[in-house]
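Colleague: run38.cif is the file, holding mmCIF, C-alpha atoms:
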```cif
data_query
#
loop_
_atom_site.label_atom_id
_atom_site.label_comp_id
_atom_site.auth_asym_id
_atom_site.auth_seq_id
_atom_site.Cartn_x
_atom_site.Cartn_y
_atom_site.Cartn_z
CA VAL A 11 -9.39 23.30 11.75
CA CYS A 12 -11.81 20.46 12.26
CA GLY A 13 -13.38 18.75 9.28
CA VAL A 14 -15.30 15.64 8.33
CA SER A 15 -13.10 12.91 6.86
CA PRO A 16 -15.05 10.41 4.71
CA TYR A 17 -14.26 6.74 5.20
CA VAL A 18 -12.11 5.49 2.35
CA PRO A 19 -11.01 1.83 2.60
CA HIS A 20 -7.26 1.32 2.79
CA ARG A 21 -6.74 4.96 3.86
CA TYR A 22 -6.59 6.62 0.46
CA HIS A 23 -7.25 10.36 0.32
CA PHE A 24 -8.40 12.15 -2.83
CA VAL A 25 -6.92 15.67 -3.02
CA ASP A 26 -8.92 18.02 -5.24
CA GLN A 27 -5.96 20.22 -6.19
CA SER A 28 -4.13 20.16 -9.52
CA LYS A 29 -0.39 19.68 -9.06
CA THR A 30 2.54 18.20 -10.94
CA TRP A 31 3.62 14.73 -9.80
CA THR A 32 6.50 16.11 -7.70
CA GLU A 33 4.29 18.79 -6.14
CA ALA A 34 1.69 16.13 -5.36
CA GLN A 35 4.36 13.91 -3.80
CA ASN A 36 5.54 16.78 -1.58
CA TYR A 37 1.97 17.58 -0.52
CA CYS A 38 1.22 13.96 0.41
CA ARG A 39 4.45 13.63 2.38
CA GLN A 40 3.69 16.80 4.32
CA ASN A 41 0.04 16.01 5.04
CA TYR A 42 -0.27 12.21 4.92
CA THR A 43 2.47 9.65 4.22
CA ASP A 44 3.03 9.63 0.47
CA LEU A 45 1.40 9.40 -2.94
CA ALA A 46 -0.78 6.30 -3.15
CA THR A 47 0.69 2.83 -3.50
CA ILE A 48 -1.72 0.13 -4.72
CA ASN A 49 -0.88 -3.38 -3.59
CA ASN A 50 -3.43 -5.62 -5.28
CA MET A 51 -6.65 -5.85 -7.28
CA ASN A 52 -8.81 -5.68 -4.16
CA GLU A 53 -7.34 -2.29 -3.26
CA MET A 54 -7.69 -1.15 -6.86
CA LYS A 55 -11.40 -2.01 -6.93
CA LYS A 56 -12.05 -0.18 -3.66
CA LEU A 57 -10.14 2.87 -4.86
CA ASN A 58 -12.12 2.85 -8.12
CA GLU A 59 -15.33 2.80 -6.10
CA ALA A 60 -14.18 5.84 -4.11
CA LEU A 61 -13.27 7.71 -7.31
CA LYS A 62 -16.37 6.93 -9.37
CA ASP A 63 -18.21 10.15 -8.44
CA LYS A 64 -15.22 12.43 -9.08
CA THR A 65 -15.51 14.75 -12.06
CA VAL A 66 -11.82 14.66 -12.98
CA HIS A 67 -10.26 12.71 -15.85
CA ALA A 68 -7.06 11.47 -14.22
CA VAL A 69 -5.34 11.44 -10.84
CA TRP A 70 -1.69 10.91 -9.90
CA ILE A 71 -0.58 7.84 -7.95
CA GLY A 72 2.90 7.11 -6.60
CA LEU A 73 4.31 5.01 -9.47
CA ASN A 74 7.17 6.49 -11.47
CA ARG A 75 9.76 5.12 -13.87
CA GLY A 76 13.15 4.08 -12.51
CA ASN A 77 16.37 3.10 -14.24
CA THR A 78 16.70 -0.54 -13.21
CA GLY A 79 14.25 -3.33 -14.01
CA LYS A 80 13.30 -6.00 -11.48
CA TRP A 81 11.09 -9.08 -11.46
CA GLY A 82 7.79 -9.04 -9.57
CA TRP A 83 4.50 -10.93 -9.39
CA SER A 84 1.42 -9.34 -10.96
CA LEU A 85 -0.66 -10.40 -7.95
CA GLY A 86 1.20 -7.77 -5.93
CA GLY A 87 1.13 -7.75 -2.14
CA GLY A 88 -0.96 -6.62 0.80
CA ARG A 89 -2.92 -9.86 1.16
CA PHE A 90 -2.52 -13.14 3.06
CA GLU A 91 -1.72 -15.11 -0.09
CA SER A 92 0.81 -12.57 -1.37
CA VAL A 93 4.04 -14.16 -2.45
CA GLY A 94 7.66 -13.58 -1.72
CA ASP A 95 10.15 -12.73 -4.41
CA SER A 96 12.72 -15.48 -3.93
CA TYR A 97 11.55 -18.64 -5.76
CA ARG A 98 12.57 -18.96 -9.43
CA ASN A 99 12.61 -21.96 -11.76
CA TRP A 100 14.36 -20.61 -14.86
CA SER A 101 15.20 -22.91 -17.74
CA SER A 102 18.90 -23.16 -18.59
CA GLY A 103 20.09 -19.88 -20.11
CA GLU A 104 16.98 -17.96 -18.99
CA PRO A 105 16.10 -15.19 -18.53
CA ASN A 106 18.05 -13.89 -21.53
CA ASN A 107 15.90 -11.02 -22.90
CA ALA A 108 16.86 -12.32 -26.35
CA GLN A 109 14.53 -9.99 -28.24
CA HIS A 110 15.24 -7.02 -25.92
CA ASN A 111 11.56 -6.85 -24.99
CA GLU A 112 11.09 -10.08 -23.01
CA HIS A 113 9.46 -8.71 -19.87
CA CYS A 114 6.92 -11.46 -19.11
CA VAL A 115 7.39 -15.08 -17.99
CA ALA A 116 5.99 -18.37 -19.30
CA MET A 117 6.32 -21.97 -18.16
CA TYR A 118 7.46 -24.74 -20.52
CA LYS A 119 5.02 -27.63 -20.80
CA GLN A 120 7.74 -30.27 -21.15
CA ASP A 121 9.48 -29.72 -17.80
CA GLY A 122 7.83 -26.83 -15.90
CA THR A 123 10.85 -24.52 -16.15
CA TRP A 124 10.46 -20.83 -16.97
CA LEU A 125 11.53 -18.50 -19.76
CA ASP A 126 11.18 -14.78 -20.37
CA ALA A 127 9.15 -13.84 -23.46
CA PRO A 128 7.59 -10.77 -25.12
CA CYS A 129 4.38 -9.89 -23.30
CA GLU A 130 2.60 -9.58 -26.66
CA ASP A 131 3.11 -13.29 -27.46
CA ASP A 132 0.03 -15.51 -27.55
CA ASN A 133 0.22 -18.33 -24.99
CA THR A 134 -2.33 -20.42 -23.12
CA PHE A 135 -2.12 -20.15 -19.37
CA VAL A 136 -3.54 -20.85 -15.96
CA CYS A 137 -6.61 -18.60 -15.61
CA LEU A 138 -6.40 -17.47 -19.28
CA TYR A 139 -4.84 -13.98 -19.39
CA GLN A 140 -4.34 -11.24 -16.85
CA SER A 141 -7.35 -8.99 -17.46
CA TYR A 142 -9.65 -12.03 -17.59
CA CYS A 143 -8.11 -13.43 -14.40
CA ARG A 144 -8.65 -10.18 -12.53
CA GLU A 145 -12.27 -9.94 -13.62
CA HIS A 146 -13.28 -13.55 -13.03
CA HIS A 147 -10.76 -14.94 -10.53
CA THR A 148 -7.85 -13.17 -8.79
CA ASP A 149 -4.83 -12.79 -11.07
CA LEU A 150 -2.29 -14.69 -13.12
CA VAL A 151 -0.81 -17.47 -11.04
CA SER A 152 2.10 -16.78 -8.67
CA VAL A 153 4.55 -19.56 -7.85
CA ARG A 154 6.03 -19.55 -4.35
CA ASN A 155 7.90 -22.86 -4.23
CA GLN A 156 8.72 -26.08 -6.07
CA THR A 157 5.57 -27.84 -4.83
CA GLU A 158 3.34 -25.16 -6.35
CA ASN A 159 5.38 -25.25 -9.55
CA GLN A 160 4.75 -29.00 -9.80
CA GLN A 161 1.01 -28.51 -9.21
CA ILE A 162 0.75 -25.91 -11.96
CA TRP A 163 2.88 -27.94 -14.36
CA SER A 164 0.61 -30.96 -13.84
CA MET A 165 -2.38 -28.87 -15.02
CA LEU A 166 -0.91 -28.14 -18.46
CA LYS A 167 -3.00 -29.82 -21.15
CA THR A 168 -2.29 -28.06 -24.43
CA GLY A 169 0.26 -25.81 -26.07
CA ASN A 170 3.99 -25.50 -25.61
CA ARG A 171 3.93 -23.11 -22.68
CA ILE A 172 1.65 -21.01 -20.44
CA TRP A 173 1.86 -17.53 -18.93
CA ILE A 174 2.51 -17.13 -15.20
CA GLY A 175 2.32 -13.88 -13.25
CA LEU A 176 6.02 -12.93 -13.17
CA PHE A 177 7.13 -9.86 -15.12
CA ASN A 178 9.99 -7.37 -15.28
CA ASP A 179 9.74 -3.60 -15.24
CA SER A 180 11.61 -0.54 -13.98
CA TRP A 181 8.65 1.25 -12.38
CA LYS A 182 8.90 2.04 -8.67
CA TRP A 183 6.65 3.49 -5.97
CA SER A 184 7.24 6.86 -4.37
CA ASP A 185 7.13 5.41 -0.83
CA GLN A 186 9.71 2.72 -1.81
CA SER A 187 7.09 0.00 -1.48
CA SER A 188 8.01 -3.30 -3.10
CA SER A 189 4.49 -3.79 -4.50
CA SER A 190 4.66 -5.25 -8.01
CA PHE A 191 0.95 -4.77 -8.74
CA ARG A 192 0.28 -3.01 -12.09
CA TYR A 193 -3.02 -2.07 -13.76
CA TRP A 194 -2.04 -0.55 -17.11
CA TYR A 195 -4.62 0.35 -19.75
CA SER A 196 -4.28 -1.38 -23.14
CA LYS A 197 -0.95 -0.56 -24.85
CA GLN A 198 0.25 1.40 -21.84
CA PRO A 199 2.79 2.46 -20.73
CA ASP A 200 3.90 3.82 -24.11
CA ASN A 201 6.26 6.63 -22.99
CA TYR A 202 4.87 8.97 -25.66
CA CYS A 203 7.54 11.41 -26.86
CA GLY A 204 9.93 9.83 -24.34
CA LYS A 205 8.69 12.06 -21.51
CA GLU A 206 6.05 9.97 -19.69
CA ASN A 207 7.71 8.84 -16.46
CA CYS A 208 4.83 9.12 -13.97
CA THR A 209 1.48 7.34 -13.62
CA THR A 210 -2.18 8.40 -13.51
CA ILE A 211 -5.40 6.50 -12.91
CA ILE A 212 -7.78 7.12 -15.83
CA ILE A 213 -11.18 7.28 -14.16
CA ASN A 214 -13.30 6.74 -17.27
CA LYS A 215 -11.23 3.67 -18.27
CA GLN A 216 -12.33 1.55 -15.30
CA GLY A 217 -9.44 2.97 -13.29
CA HIS A 218 -6.72 1.55 -15.52
CA TRP A 219 -3.36 3.30 -15.52
CA ASN A 220 -1.62 5.51 -18.05
CA ASP A 221 1.94 6.86 -18.09
CA ASP A 222 1.98 10.65 -18.25
CA ASN A 223 4.31 13.63 -18.29
CA CYS A 224 5.24 14.30 -14.65
CA ASP A 225 4.91 18.07 -15.18
CA THR A 226 1.22 17.89 -16.17
CA PRO A 227 -1.07 19.15 -13.38
CA HIS A 228 -3.56 16.56 -12.07
CA GLN A 229 -5.48 15.92 -8.88
CA PHE A 230 -3.96 13.08 -6.89
CA ILE A 231 -4.34 10.34 -4.29
CA CYS A 232 -2.38 10.27 -1.02
CA HIS A 233 -2.20 7.37 1.39
CA GLU A 234 -1.09 6.58 4.91
CA LYS A 235 0.46 3.48 6.41
CA LEU A 236 0.33 2.22 10.00
CA ILE A 237 2.47 -0.43 11.64
CA LEU A 238 2.00 -2.18 14.98
CA ILE A 239 5.28 -2.58 16.88
CA GLN A 240 5.06 -5.60 19.15
CA GLN A 241 7.72 -4.40 21.55
CA ASN A 242 6.89 -3.34 25.10
CA LEU A 243 8.20 0.20 25.52
CA THR A 244 7.27 3.16 27.69
CA TRP A 245 5.40 5.97 25.94
CA GLY A 246 8.55 8.09 25.59
CA GLU A 247 10.55 5.15 24.26
CA ALA A 248 7.77 4.35 21.78
CA LEU A 249 7.70 7.96 20.57
CA ARG A 250 11.45 7.92 20.05
CA TYR A 251 11.31 4.55 18.25
CA CYS A 252 8.63 5.75 15.79
CA ARG A 253 10.47 8.97 15.03
CA GLU A 254 13.81 7.25 14.52
CA ASN A 255 12.52 4.31 12.47
CA HIS A 256 9.30 5.54 10.84
CA VAL A 257 7.52 8.91 11.13
CA ASP A 258 5.69 9.30 14.46
CA LEU A 259 3.33 7.70 16.95
CA VAL A 260 -0.10 7.62 15.32
CA SER A 261 -2.50 10.51 15.87
CA VAL A 262 -6.16 9.46 15.76
CA HIS A 263 -7.80 12.67 14.58
CA SER A 264 -10.78 11.15 12.72
CA GLU A 265 -13.17 8.21 12.88
CA GLU A 266 -11.52 6.86 9.74
CA ILE A 267 -8.15 6.56 11.47
CA GLN A 268 -9.80 5.11 14.58
CA LEU A 269 -11.27 2.30 12.43
CA TRP A 270 -7.83 1.71 10.99
CA VAL A 271 -6.19 1.68 14.43
CA LYS A 272 -8.80 -0.85 15.62
CA ASP A 273 -7.84 -3.20 12.80
CA VAL A 274 -4.12 -2.88 13.47
CA GLY A 275 -4.35 -2.93 17.28
CA GLN A 276 -6.14 -6.27 17.48
CA GLU A 277 -2.83 -8.04 16.84
CA ALA A 278 -1.14 -6.48 19.89
CA SER A 279 0.44 -8.67 22.56
CA THR A 280 -0.56 -6.16 25.28
CA ASP A 281 -4.06 -5.18 26.41
CA HIS A 282 -3.45 -1.54 25.44
CA VAL A 283 -1.48 0.10 22.66
CA TRP A 284 0.24 3.50 22.82
CA LEU A 285 -1.04 6.36 20.65
CA GLY A 286 0.59 9.75 20.01
CA LEU A 287 -1.61 11.25 22.74
CA ARG A 288 -0.23 13.13 25.73
CA HIS A 289 -1.52 15.20 28.64
CA THR A 290 0.23 18.34 29.81
CA CYS A 291 -0.13 18.95 33.53
CA THR A 292 1.21 22.49 33.18
CA LEU A 293 -1.63 23.58 30.87
CA SER A 294 -4.09 20.82 31.81
CA PHE A 295 -5.15 19.53 28.37
CA TRP A 296 -4.62 16.58 26.00
CA PHE A 297 -2.84 16.96 22.66
CA TRP A 298 -1.56 14.93 19.68
CA VAL A 299 2.22 14.94 19.36
CA GLY A 300 1.85 15.22 15.57
CA GLY A 301 0.24 18.64 16.01
CA GLU A 302 -3.22 17.70 14.66
CA SER A 303 -6.32 19.49 15.92
CA PHE A 304 -8.25 17.65 18.65
CA CYS A 305 -11.50 17.36 16.63
CA TYR A 306 -12.38 13.73 17.38
CA ASP A 307 -12.17 11.64 20.53
CA ASN A 308 -13.03 8.11 21.58
CA TRP A 309 -12.39 8.11 25.33
CA ALA A 310 -13.58 5.31 27.58
CA PRO A 311 -15.85 6.56 30.40
CA GLY A 312 -13.86 8.30 33.14
CA ASN A 313 -10.83 8.91 30.91
CA GLY A 314 -9.59 11.98 29.09
CA THR A 315 -10.54 14.53 31.71
CA GLU A 316 -8.64 17.78 31.93
CA GLY A 317 -7.86 17.37 35.65
CA GLU A 318 -5.61 14.31 35.34
CA ASP A 319 -3.65 13.03 38.32
CA CYS A 320 -0.08 13.97 37.38
CA SER A 321 1.63 12.24 40.28
CA PRO A 322 4.03 10.56 40.12
CA VAL A 323 4.31 10.68 36.28
CA GLU A 324 2.62 12.35 33.31
CA ARG A 325 -0.41 10.64 31.74
CA THR A 326 -0.43 9.48 28.13
CA GLY A 327 -3.04 7.97 25.84
CA ALA A 328 -3.49 4.38 24.71
CA VAL A 329 -6.21 2.45 22.88
CA GLN A 330 -7.70 -0.81 24.13
CA ALA A 331 -6.41 -3.61 21.91
CA ARG A 332 -9.69 -5.51 22.00
CA GLY A 333 -13.32 -5.06 23.09
CA ASP A 334 -14.68 -1.55 22.55
CA GLN A 335 -11.17 -0.29 21.73
CA LYS A 336 -11.69 3.02 23.48
CA TRP A 337 -8.91 5.37 24.55
CA VAL A 338 -7.60 5.28 28.12
CA SER A 339 -5.28 7.44 30.20
CA LEU A 340 -2.23 5.55 31.51
CA PRO A 341 1.05 6.43 33.26
CA GLU A 342 3.71 7.13 30.62
CA ASN A 343 6.16 4.62 32.18
CA GLN A 344 3.94 1.59 31.50
CA PRO A 345 5.49 -0.72 28.83
CA LEU A 346 3.12 -1.40 25.90
CA ASN A 347 3.00 -2.21 22.20
CA PHE A 348 2.50 0.87 20.03
CA ILE A 349 1.44 2.02 16.55
CA CYS A 350 3.65 4.10 14.26
CA ILE A 351 2.70 5.89 11.09
CA ARG A 352 5.36 5.09 8.54
CA TYR A 353 6.69 5.20 5.05
CA GLU A 354 6.36 1.72 3.59
CA GLY A 355 9.72 0.29 2.63
#
```
Can the structure from this file be put into structure tokens for me?
Modeller:
Amino acid sequence: VCGVSPYVPHRYHFVDQSKTWTEAQNYCRQNYTDLATINNMNEMKKLNEALKDKTVHAVWIGLNRGNTGKWGWSLGGGRFESVGDSYRNWSSGEPNNAQHNEHCVAMYKQDGTWLDAPCEDDNTFVCLYQSYCREHHTDLVSVRNQTENQQIWSMLKTGNRIWIGLFNDSWKWSDQSSSSFRYWYSKQPDNYCGKENCTTIIINKQGHWNDDNCDTPHQFICHEKLILIQQNLTWGEALRYCRENHVDLVSVHSEEIQLWVKDVGQEASTDHVWLGLRHTCTLSFWFWVGGESFCYDNWAPGNGTEGEDCSPVERTGAVQARGDQKWVSLPENQPLNFICIRYEG
């Protein structure tokens, strides 16, 4: 069935059905990629904009509570300045979680080393505190290497220590993303009654997050992820690669996905990029290997006709990597880069 798919930046999809968190996860995995992962404040703001006209109170996203805590930067990922997770500058004996609730990280003024501390402590810091930073700047500072640590240390004017953007929690994303971005509402998560292990966006609280009982029905947000593979493979080899390592070759069944493919395809090392589009000579029509309805097309002139020349090999579909980025019909044995839809890991 063909339908109109509204353009939502970063490929988020609002689903107006009330389901438990697990039911929502299953739905997203069957119809998209997974429940939504949010990588940074820029994505959060765009998602809030898309949700502002919805009449629901809360929607599920893909964050749920795990058993093991890990350190991550509040800036999150999904941007050019996102940071790795390797550099640490702990003071001797730190982190020690001495008060059993030391989940945030501060920098000592005297030597620039780090300690874990209760997140409720009052400290000065680079860019004041997190909510202020996100409103007026970007986020609490992330520290990628010793040079940056020295630069931040040299800025310290007052106080004994300052907050930086490193924190520890046990929450994890449904799609196994490593994103450490969090956007909790004040005094959340609170694990009320010990049963709140999943996460909702509270629409009337500026999109801040709340932990909730996973069995409560809510509408939800799905997302999709694309990845450009810069290997030169035939169409059949590309299809096999995507299915063995990700999900499938991408199907471009809406203008929204075409815009996304254009963004991803520009980085290709070949002039064309394989899509999950194939022609059958036996029945003389084009189809998406993912099974989607052929409701949208973006063929270059002279391409995509039903009467394709099937000699000596079958024809398959690719998108131009640059220029108009239209679809073209090519022999399936031509080696090209390709785009997979994937679970983010």
Colleague: Find the residue from A:Gln160, A:Ser190, A:Gln35, A:Asn74 that sits nearest to Asp222 of chain A; use all atoms listed in the file when measuring.
Modeller: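 Closest to Asp222 of chain A, using all atoms listed in the file: A:Asn74.
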Colleague: Any chance you could work out the residue set of the PyMOL selection byres ((chain A and resi 272-287) around 8) here, as a PyMOL selection string?
Modeller: chain A and resi 236-238+240+242+245+248-249+258-262+268-271+288-289+296-300+326-332+335+346-349
Colleague: At a cut-off of 8 Å around the point (1.1, 17.8, 34.2) (file coordinates), what residues fall inside when counting only C-alpha atoms? I'd like the answer as a PyMOL selection string.
Modeller: chain A and resi 289-294+318-320+324-325
Colleague: Expressed in Å to a single decimal, how great is the separation between atom CA of His256 of chain A and atom CA of Glu342 of chain A?
Modeller: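 Atom CA of Glu342 of chain A lies at a distance of 20.6 Å from atom CA of His256 of chain A.
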Colleague: Report the distance between atom CA of Val69 of chain A and atom CA of Val25 of chain A in Å, rounded to one decimal place.
Modeller: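 A separation of 9.0 Å between them.
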Colleague: Using the chain letters and residue numbers of this document, give as an MDAnalysis selection string the residues selected by the PyMOL selection byres ((chain A and resi 337) around 6).
Modeller: chainID A and resid 308:310 328:329 336 338
Colleague: Using all atoms listed in the file, pick whichever of A:Tyr306, A:Pro311, A:Val115, A:Leu125 has the shortest atom-to-atom distance to Gly103 of chain A.
Modeller: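 Closest to Gly103 of chain A of all the choices is A:Leu125.
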Colleague: To one decimal place, how far is atom CA of Asp63 of chain A from atom CA of Asn201 of chain A in Å?
Modeller: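 Taking atom CA of Asp63 of chain A and atom CA of Asn201 of chain A, their separation equals 28.7 Å.
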Colleague: Please write as a list in words the full residue list that the PyMOL selection byres ((chain A and resi 129) around 7) yields on this file.
Modeller: Glu112, His113, Cys114, Ala127, Pro128, Glu130 and Asp131 of chain A
Colleague: Mind checking which residues fall within 12 Å of segment 224-227 of chain A, counting all atoms listed in the file, ignoring those fewer than 6 positions away in the same chain, and posting them as a compact mmCIF listing (two decimals) with C-alpha atoms, keeping the file's coordinate frame?
Modeller:
```
# COMPACT_ATOMS: atom_id res chain seq x y z
CA ASP A 26 -8.92 18.02 -5.24
CA GLN A 27 -5.96 20.22 -6.19
CA SER A 28 -4.13 20.16 -9.52
CA LYS A 29 -0.39 19.68 -9.06
CA THR A 30 2.54 18.20 -10.94
CA TRP A 31 3.62 14.73 -9.80
CA THR A 32 6.50 16.11 -7.70
CA GLU A 33 4.29 18.79 -6.14
CA ALA A 34 1.69 16.13 -5.36
CA GLN A 35 4.36 13.91 -3.80
CA VAL A 66 -11.82 14.66 -12.98
CA HIS A 67 -10.26 12.71 -15.85
CA ALA A 68 -7.06 11.47 -14.22
CA VAL A 69 -5.34 11.44 -10.84
CA TRP A 70 -1.69 10.91 -9.90
CA ILE A 71 -0.58 7.84 -7.95
CA GLY A 72 2.90 7.11 -6.60
CA LEU A 73 4.31 5.01 -9.47
CA ASN A 74 7.17 6.49 -11.47
CA ARG A 75 9.76 5.12 -13.87
CA ASN A 201 6.26 6.63 -22.99
CA GLY A 204 9.93 9.83 -24.34
CA LYS A 205 8.69 12.06 -21.51
CA GLU A 206 6.05 9.97 -19.69
CA ASN A 207 7.71 8.84 -16.46
CA CYS A 208 4.83 9.12 -13.97
CA THR A 209 1.48 7.34 -13.62
CA THR A 210 -2.18 8.40 -13.51
```
Colleague: Determine the nearest neighbour of Asp179 of chain A from the options A:Gln198, A:Asn255, A:Asn106, A:Thr78, counting all atoms listed in the file.
Modeller: A:Thr78
Colleague: Have a look at A:Ser189, A:Gln344, A:Asn220, A:Asn214 and name the one nearest to Glu247 of chain A; count only C-alpha atoms.
Modeller: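 Using only C-alpha atoms, the shortest distance to Glu247 of chain A belongs to A:Gln344.
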Colleague: Which residue is closest to Cys350 of chain A? Choose from A:Phe304, A:Phe24, A:Tyr251, A:Trp100 and count only C-alpha atoms.
Modeller: A:Tyr251
Colleague: Here is a test: counting only C-alpha atoms, which residue of A:Val257, A:Trp83, A:Asn313, A:Asn99 is nearest to Gln40 of chain A?
Modeller: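 Closest to Gln40 of chain A of all the choices is A:Val257.
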Colleague: Around the point (5.5, 8.2, -1.5), in the coordinates given by the file, pick out the residues reaching within 12 Å, counting only C-alpha atoms, and return them as a PyMOL selection string.
Modeller: chain A and resi 31-48+70-74+182-188+230-235+352-355
